[in-house]
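Visitor: Input: one structure, supplied below.
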Amino acid sequence: MTDENWGNHDPSRQYQAPAQQLSHPFSYAKLYLTIVAAIITAFFIMGVISMLFSAAVVSSLFSEFNAKTTAVSQPKSQHSDGLQKDLQQLANKSMQQIAAPYLQSSASKADMQTCTFWRQQYQKERSDRNKMHVNSSCGRAYGNLWNEIK
């Protein structure tokens, strides 16, 4: 159409779409049901696959766990006899003898030296300040074995 004929419009020349004759009418309900069935089927298949994968992972974990637990056998009687002897020896020792090897670290040696220093100061001058320092430093060095000076 040109600009001259723009306003002149012949109604008989209107565009008419060719008539489409379908043997079966198009049904949106059938399309919807088909898509829903496809989605549900896909979810079902994914669920089955994920359950099979999870079962395989869990069974492999349990097989590793069972292998480790069977590798650790029950203690033999000779080991339990040795354990009984060790427990008997520990029961016969005093708490200070048991704790001595653990108190020999460099930090605990420094704490023991500090405790010794403050005990000497307390012997020279029995003041509340020295008593407080003795109790705190010796409590740090000897823990529960130290009886506080009252």
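We label chains A, B, ... in the order they appear in the structure tokens, count residues from 1 in each chain, and number ligands from 1 in the order shown.
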At a cut-off of 7 Å, using only C-alpha atoms, what residues contact stretch 112-129 of chain A? Leave out same-chain residues fewer than 6 positions from it and give the result as a PyMOL selection string.
Guide: chain A and resi 137-138+141
Visitor: Distance atom CA of A:Arg140-atom CA of A:Asp111, one decimal place?
Guide: 6.7 Å
